[in-house]
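Peer 1: Sharing a structure here in structure tokens format.
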Amino acid sequence: MHRVTVRQEIVDRVLARRGRYHWFDALDPRRTAMLIIDMQELFCAPGAPAEVPGSRDIVEPINQLTEQLRKIGVPIVWVLHANSGAAGRSDWELFFNYIVADKVREKTLEALSPGHQRVWSGLTVDASDAKIIKNRYSALIAGSSGLERLLRSLDVDTVLIAGTKTNICCEATARDAMMLDFKVVIVSDCCAALSDDEHRAALENIIQQFGDVMIAAEVLERLRRRSNL
């Protein structure tokens, strides 16, 4: 698990700009959902083409948080990545042709093909949880998934974001969520990147412009202010 957090110079900058660090003093569990991004084999399995070793370190923190969230009625949404295609091609050719190395391209295509998306073993999934498939980094960019429709149907206005990578799919989803007028909280001790520096950079981007950054204990404390539990 990452042991780094937002640097003091960024904290000072935030305080000078808006007079407070955290965006939200309380969170309404009736209007909050937890999004867990890309915690699937491609990113979590040892030796996988897009392995994020730190993703396995956040399995237990995510389990502990989701257990408490379910008790106060906060819906859990597992957001998994898939790309469709045929004849060795994909619906995201730019990604596969320019970002993925040739030597792992076929393995990555296979791992991201529809039907291969399963929440990583060790994570606790409840029958009440929802699953959404996305086909871009952000689950909320137009055409990526049905996540926005699901959240609107649940009358959600606040999203808690966990998963991997902090600085790619978690951050991309957080940015678009804020642009769509959702309140955003990155749960920093339930997110993982490939390095401490990348993880911290994402947290610093979010806290300055796109949403709040809290650890799981802070999230639960704010939710319980409204739930009386």
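Residue numbering restarts at 1 for every chain of the structure tokens, chains are lettered A, B, ... in their displayed order, and ligands are numbered from 1 as they appear.
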Neighbours of Thr124 (chain A) within 10 Å (only C-alpha atoms; same-chain residues fewer than 6 positions away dropped), as JSON, numbers by chain?
Peer 2: {"A": [59, 60, 62, 63, 64, 66, 67]}
Peer 1: Would you return as a ChimeraX atom specification the members of region 139-179 of chain A that DSSP assigns to strand (DSSP E or B) on this structure's backbone?
Peer 2: /A:158-164
Peer 1: Save the residues we just selected, all heavy atoms, as an mmCIF file, in the first residue's frame?
Peer 2:
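Below you can see selection-v2.cif, which holds the result:
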```
data_model
loop_
_atom_site.group_PDB
_atom_site.id
_atom_site.type_symbol
_atom_site.label_atom_id
_atom_site.label_comp_id
_atom_site.auth_asym_id
_atom_site.auth_seq_id
_atom_site.Cartn_x
_atom_site.Cartn_y
_atom_site.Cartn_z
ATOM 1 N N THR A 158 -22.809 11.835 -5.320
ATOM 2 C CA THR A 158 -21.459 11.751 -4.755
ATOM 3 C C THR A 158 -20.865 10.386 -5.076
ATOM 4 O O THR A 158 -21.526 9.362 -4.859
ATOM 5 C CB THR A 158 -21.494 11.935 -3.228
ATOM 6 O OG1 THR A 158 -22.094 13.196 -2.913
ATOM 7 C CG2 THR A 158 -20.091 11.871 -2.639
ATOM 8 N N VAL A 159 -19.623 10.369 -5.572
ATOM 9 C CA VAL A 159 -18.963 9.105 -5.868
ATOM 10 C C VAL A 159 -17.655 8.991 -5.086
ATOM 11 O O VAL A 159 -16.851 9.919 -5.056
ATOM 12 C CB VAL A 159 -18.705 8.911 -7.380
ATOM 13 C CG1 VAL A 159 -20.007 8.715 -8.120
ATOM 14 C CG2 VAL A 159 -17.920 10.067 -7.982
ATOM 15 N N LEU A 160 -17.491 7.862 -4.450
ATOM 16 C CA LEU A 160 -16.229 7.478 -3.817
ATOM 17 C C LEU A 160 -15.496 6.599 -4.811
ATOM 18 O O LEU A 160 -16.094 5.677 -5.372
ATOM 19 C CB LEU A 160 -16.485 6.696 -2.529
ATOM 20 C CG LEU A 160 -17.525 7.256 -1.561
ATOM 21 C CD1 LEU A 160 -17.775 6.269 -0.431
ATOM 22 C CD2 LEU A 160 -17.080 8.605 -1.026
ATOM 23 N N ILE A 161 -14.213 6.867 -5.037
ATOM 24 C CA ILE A 161 -13.477 6.141 -6.073
ATOM 25 C C ILE A 161 -12.287 5.421 -5.471
ATOM 26 O O ILE A 161 -11.463 6.004 -4.755
ATOM 27 C CB ILE A 161 -13.018 7.098 -7.194
ATOM 28 C CG1 ILE A 161 -14.248 7.699 -7.891
ATOM 29 C CG2 ILE A 161 -12.128 6.368 -8.205
ATOM 30 C CD1 ILE A 161 -13.927 8.690 -8.995
ATOM 31 N N ALA A 162 -12.192 4.121 -5.789
ATOM 32 C CA ALA A 162 -11.075 3.280 -5.359
ATOM 33 C C ALA A 162 -10.648 2.424 -6.539
ATOM 34 O O ALA A 162 -11.316 2.386 -7.570
ATOM 35 C CB ALA A 162 -11.496 2.398 -4.184
ATOM 36 N N GLY A 163 -9.504 1.719 -6.390
ATOM 37 C CA GLY A 163 -9.076 0.791 -7.431
ATOM 38 C C GLY A 163 -7.738 1.155 -8.023
ATOM 39 O O GLY A 163 -6.878 1.740 -7.372
ATOM 40 N N THR A 164 -7.566 0.816 -9.297
ATOM 41 C CA THR A 164 -6.276 0.985 -9.952
ATOM 42 C C THR A 164 -6.470 1.326 -11.433
ATOM 43 O O THR A 164 -7.520 1.006 -11.993
ATOM 44 C CB THR A 164 -5.451 -0.322 -9.802
ATOM 45 O OG1 THR A 164 -4.090 -0.071 -10.110
ATOM 46 C CG2 THR A 164 -5.973 -1.441 -10.686
#
```
Peer 1: Hey, what's within 9 Å of region 39-45 of chain A if we count only C-alpha atoms and toss same-chain stuff fewer than 4 positions away? As a PyMOL selection string, please?
Peer 2: chain A and resi 49-56+59+78-81+108+111-112+116-121+123+163-165
Peer 1: Pick out the residues sitting within 10 Å of Arg7 (chain A), and hand them over as a compact mmCIF listing (two decimals) with N, CA, C and O atoms, in the first residue's frame; count only C-alpha atoms, and ignore anything fewer than 6 positions along from it in its own chain.
Peer 2:
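Wrote selection.txt, looks like this:
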```
# COMPACT_ATOMS: atom_id res chain seq x y z
N ARG A 200 0.84 9.77 -5.76
CA ARG A 200 0.76 11.09 -5.12
C ARG A 200 0.40 12.17 -6.12
O ARG A 200 -0.39 13.08 -5.80
N ALA A 201 0.95 12.11 -7.33
CA ALA A 201 0.63 13.12 -8.34
C ALA A 201 -0.87 13.15 -8.62
O ALA A 201 -1.47 14.22 -8.78
N LEU A 203 -3.31 12.20 -6.55
CA LEU A 203 -3.98 12.78 -5.39
C LEU A 203 -3.87 14.30 -5.40
O LEU A 203 -4.84 15.01 -5.08
N GLU A 204 -2.70 14.80 -5.77
CA GLU A 204 -2.49 16.25 -5.78
C GLU A 204 -3.30 16.94 -6.88
O GLU A 204 -3.80 18.06 -6.69
```
Peer 1: Using only C-alpha atoms, find the one residue out of A:Arg70, A:Lys183, A:Lys103, A:Arg31 that sits nearest to Arg152 (chain A).
Peer 2: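 Closest to Arg152 (chain A), using only C-alpha atoms: A:Arg31.
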Peer 1: With distances taken over only C-alpha atoms, which residue among A:Asp212, A:Leu180, A:Ala82, A:Met34 lies nearest Ala130 (chain A)?
Peer 2: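 The closest residue to Ala130 (chain A) is A:Met34.
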Peer 1: With only C-alpha atoms as the counted atoms, please give the residues lying no more than 9 Å from Pro61 (chain A), apart from itself and same-chain residues fewer than 5 positions off, as a ChimeraX atom specification.
Peer 2: /A:66,189-190,216
Peer 1: For the atom pair CA of Ile37 (chain A) and CA of Ile133 (chain A), what is the interatomic distance in Å to one decimal place?
Peer 2: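 One can read the CA of Ile37 (chain A) to CA of Ile133 (chain A) distance as 10.0 Å.
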Peer 1: Between A:Ile132, A:Thr166, A:Ala101, A:Arg3, which one has atoms that come closest to Ser145 (chain A), using only C-alpha atoms?
Peer 2: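 Ranked by minimum distance to Ser145 (chain A), first place goes to A:Ile132.
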Peer 1: If DSSP is run on the backbone, what residues of chain A are helix (DSSP H, G or I)? A reply as an MDAnalysis selection string would be ideal.
Peer 2: chainID A and resid 8:18 29:31 41:44 53:71 93:98 102:112 147:153 166:179 196:210 216:227
Peer 1: Considering only C-alpha atoms, return as a compact mmCIF listing (two decimals) with all heavy atoms, in the first residue's frame whatever protein or nucleic-acid residues lie within 12 Å of Glu218 (chain A), sequence-local ones (same chain, fewer than 2 positions apart) excluded.
Peer 2:
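See selection27.txt below for the written result:
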```txt
# COMPACT_ATOMS: atom_id res chain seq x y z
N HIS A 22 -10.24 20.01 2.93
CA HIS A 22 -11.24 19.07 2.43
C HIS A 22 -12.40 19.81 1.79
O HIS A 22 -12.83 20.87 2.25
CB HIS A 22 -11.75 18.17 3.56
CG HIS A 22 -10.78 17.11 3.94
ND1 HIS A 22 -10.39 16.11 3.07
CD2 HIS A 22 -10.10 16.89 5.10
CE1 HIS A 22 -9.52 15.31 3.69
NE2 HIS A 22 -9.33 15.77 4.91
N PHE A 24 -15.48 18.41 1.49
CA PHE A 24 -16.77 18.02 2.07
C PHE A 24 -16.63 17.71 3.56
O PHE A 24 -15.79 16.90 3.96
CB PHE A 24 -17.32 16.79 1.34
CG PHE A 24 -17.30 16.93 -0.17
CD1 PHE A 24 -16.56 16.06 -0.96
CD2 PHE A 24 -18.02 17.95 -0.78
CE1 PHE A 24 -16.53 16.21 -2.34
CE2 PHE A 24 -17.99 18.11 -2.16
CZ PHE A 24 -17.25 17.23 -2.95
N ASP A 25 -17.47 18.35 4.37
CA ASP A 25 -17.50 18.09 5.81
C ASP A 25 -18.37 16.90 6.16
O ASP A 25 -18.17 16.26 7.20
CB ASP A 25 -18.02 19.32 6.55
CG ASP A 25 -17.08 20.51 6.44
OD1 ASP A 25 -15.86 20.30 6.43
OD2 ASP A 25 -17.58 21.65 6.36
N ALA A 26 -19.34 16.61 5.31
CA ALA A 26 -20.24 15.48 5.53
C ALA A 26 -20.61 14.89 4.18
O ALA A 26 -20.59 15.58 3.15
CB ALA A 26 -21.49 15.91 6.29
N LEU A 27 -20.94 13.61 4.17
CA LEU A 27 -21.36 12.92 2.96
C LEU A 27 -22.68 12.22 3.26
O LEU A 27 -22.85 11.60 4.31
CB LEU A 27 -20.31 11.88 2.54
CG LEU A 27 -18.91 12.42 2.22
CD1 LEU A 27 -17.91 11.26 2.08
CD2 LEU A 27 -18.92 13.26 0.96
N LEU A 65 -13.76 -1.48 3.75
CA LEU A 65 -14.58 -0.30 3.47
C LEU A 65 -15.95 -0.70 2.92
O LEU A 65 -16.99 -0.19 3.37
CB LEU A 65 -13.86 0.62 2.50
CG LEU A 65 -14.63 1.88 2.08
CD1 LEU A 65 -15.03 2.71 3.28
CD2 LEU A 65 -13.80 2.71 1.09
N LEU A 160 -17.49 7.86 -4.45
CA LEU A 160 -16.23 7.48 -3.82
C LEU A 160 -15.50 6.60 -4.81
O LEU A 160 -16.09 5.68 -5.37
CB LEU A 160 -16.48 6.70 -2.53
CG LEU A 160 -17.52 7.26 -1.56
CD1 LEU A 160 -17.78 6.27 -0.43
CD2 LEU A 160 -17.08 8.61 -1.03
N VAL A 185 -14.82 11.91 -4.30
CA VAL A 185 -13.85 11.63 -3.23
C VAL A 185 -12.98 10.46 -3.67
O VAL A 185 -13.49 9.36 -3.92
CB VAL A 185 -14.53 11.27 -1.90
CG1 VAL A 185 -13.46 10.99 -0.83
CG2 VAL A 185 -15.46 12.39 -1.44
N ILE A 186 -11.69 10.70 -3.80
CA ILE A 186 -10.73 9.61 -4.02
C ILE A 186 -10.37 9.03 -2.65
O ILE A 186 -9.94 9.76 -1.75
CB ILE A 186 -9.46 10.12 -4.71
CG1 ILE A 186 -9.75 10.50 -6.17
CG2 ILE A 186 -8.34 9.07 -4.64
CD1 ILE A 186 -9.87 9.33 -7.13
N VAL A 187 -10.55 7.73 -2.50
CA VAL A 187 -10.22 7.06 -1.24
C VAL A 187 -8.77 6.59 -1.36
O VAL A 187 -8.48 5.54 -1.92
CB VAL A 187 -11.18 5.89 -0.95
CG1 VAL A 187 -10.93 5.35 0.45
CG2 VAL A 187 -12.63 6.34 -1.11
N SER A 188 -7.86 7.38 -0.82
CA SER A 188 -6.44 7.23 -1.16
C SER A 188 -5.83 5.91 -0.70
O SER A 188 -4.95 5.37 -1.38
CB SER A 188 -5.64 8.39 -0.59
OG SER A 188 -5.76 8.47 0.83
N ASP A 189 -6.27 5.37 0.44
CA ASP A 189 -5.70 4.11 0.91
C ASP A 189 -6.38 2.90 0.30
O ASP A 189 -6.08 1.76 0.66
CB ASP A 189 -5.69 4.04 2.44
CG ASP A 189 -7.06 4.24 3.07
OD1 ASP A 189 -7.99 4.69 2.37
OD2 ASP A 189 -7.20 3.97 4.28
N ASP A 212 -12.28 15.67 -3.55
CA ASP A 212 -11.64 15.51 -2.26
C ASP A 212 -10.75 14.26 -2.26
O ASP A 212 -10.92 13.35 -3.09
CB ASP A 212 -12.70 15.38 -1.16
CG ASP A 212 -12.30 16.08 0.12
OD1 ASP A 212 -11.09 16.14 0.41
OD2 ASP A 212 -13.19 16.56 0.84
N VAL A 213 -9.82 14.23 -1.33
CA VAL A 213 -8.96 13.07 -1.10
C VAL A 213 -9.05 12.73 0.38
O VAL A 213 -8.76 13.56 1.25
CB VAL A 213 -7.49 13.38 -1.49
CG1 VAL A 213 -6.59 12.21 -1.08
CG2 VAL A 213 -7.38 13.65 -2.98
N MET A 214 -9.49 11.52 0.67
CA MET A 214 -9.63 11.06 2.05
C MET A 214 -9.17 9.62 2.16
O MET A 214 -9.21 8.87 1.17
CB MET A 214 -11.09 11.13 2.52
CG MET A 214 -11.75 12.48 2.45
SD MET A 214 -13.47 12.36 3.05
CE MET A 214 -14.11 13.95 2.49
N ILE A 215 -8.80 9.22 3.36
CA ILE A 215 -8.62 7.80 3.63
C ILE A 215 -9.97 7.20 4.00
O ILE A 215 -10.94 7.94 4.29
CB ILE A 215 -7.57 7.55 4.74
CG1 ILE A 215 -8.01 8.18 6.06
CG2 ILE A 215 -6.21 8.05 4.30
CD1 ILE A 215 -7.10 7.81 7.23
N ALA A 216 -10.07 5.89 4.01
CA ALA A 216 -11.35 5.23 4.24
C ALA A 216 -11.98 5.63 5.57
O ALA A 216 -13.20 5.83 5.65
CB ALA A 216 -11.17 3.71 4.17
N LEU A 220 -15.82 7.17 6.12
CA LEU A 220 -16.84 6.57 6.97
C LEU A 220 -17.30 7.55 8.05
O LEU A 220 -18.50 7.63 8.36
CB LEU A 220 -16.31 5.29 7.61
CG LEU A 220 -16.12 4.11 6.64
CD1 LEU A 220 -15.37 2.98 7.32
CD2 LEU A 220 -17.48 3.61 6.12
N GLU A 221 -16.37 8.31 8.59
CA GLU A 221 -16.74 9.28 9.62
C GLU A 221 -17.70 10.32 9.08
O GLU A 221 -18.70 10.67 9.72
CB GLU A 221 -15.47 9.94 10.17
CG GLU A 221 -15.68 10.79 11.40
CD GLU A 221 -16.07 12.22 11.08
OE1 GLU A 221 -15.71 12.71 9.99
OE2 GLU A 221 -16.75 12.86 11.91
N ARG A 222 -17.48 10.79 7.87
CA ARG A 222 -18.35 11.80 7.27
C ARG A 222 -19.71 11.21 6.87
O ARG A 222 -20.74 11.87 6.98
CB ARG A 222 -17.66 12.43 6.07
CG ARG A 222 -16.61 13.46 6.47
CD ARG A 222 -15.64 13.79 5.34
NE ARG A 222 -14.76 14.88 5.70
CZ ARG A 222 -13.70 14.77 6.51
NH1 ARG A 222 -13.42 13.58 7.03
NH2 ARG A 222 -12.95 15.83 6.76
N LEU A 223 -19.71 9.97 6.41
CA LEU A 223 -20.97 9.33 6.06
C LEU A 223 -21.81 9.08 7.32
O LEU A 223 -23.04 9.23 7.30
CB LEU A 223 -20.71 8.00 5.36
CG LEU A 223 -20.25 8.10 3.91
CD1 LEU A 223 -19.66 6.78 3.45
CD2 LEU A 223 -21.40 8.52 2.98
N ARG A 224 -21.18 8.73 8.41
CA ARG A 224 -21.91 8.42 9.63
C ARG A 224 -22.48 9.67 10.29
O ARG A 224 -23.43 9.58 11.07
CB ARG A 224 -21.00 7.65 10.59
CG ARG A 224 -20.80 6.20 10.15
CD ARG A 224 -19.69 5.52 10.89
NE ARG A 224 -19.59 4.10 10.51
CZ ARG A 224 -18.49 3.37 10.63
NH1 ARG A 224 -17.38 3.91 11.11
NH2 ARG A 224 -18.49 2.10 10.26
N ARG A 225 -21.94 10.82 9.95
CA ARG A 225 -22.53 12.07 10.46
C ARG A 225 -23.96 12.23 9.96
O ARG A 225 -24.81 12.81 10.65
CB ARG A 225 -21.71 13.27 10.00
CG ARG A 225 -20.36 13.41 10.68
CD ARG A 225 -19.64 14.65 10.17
NE ARG A 225 -18.25 14.67 10.64
CZ ARG A 225 -17.36 15.61 10.32
NH1 ARG A 225 -17.72 16.60 9.52
NH2 ARG A 225 -16.13 15.55 10.79
```
Peer 1: Give me the residues within 12 Å of Asp181 (chain A) as number ranges by chain, counting only C-alpha atoms and dropping any in the same chain fewer than 6 places off.
Peer 2: A: 140, 148, 151-152, 156-159, 174-175, 210-211
Peer 1: Which one is closest to Phe182 (chain A): A:Val219, A:Val74, A:Ala33, A:Phe96? Count only C-alpha atoms.
Peer 2: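 When distances to Phe182 (chain A) are compared using only C-alpha atoms, the smallest one comes from A:Ala33.
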Peer 1: What is the CA of Glu198 (chain A)-CA of Ser144 (chain A) distance in Å, reported with one decimal?
Peer 2: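 So the answer is 24.0 Å.
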Peer 1: Please, what distance in Å, to one decimal, runs between CA of Val100 (chain A) and CA of His199 (chain A)?
Peer 2: 20.9 Å
Peer 1: Please determine, counting only C-alpha atoms, which residue among A:Ala127, A:Asn83, A:Val77, A:Ser90 has the shortest atom-to-atom distance to Leu150 (chain A).
Peer 2: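 Nearest to Leu150 (chain A): A:Val77.
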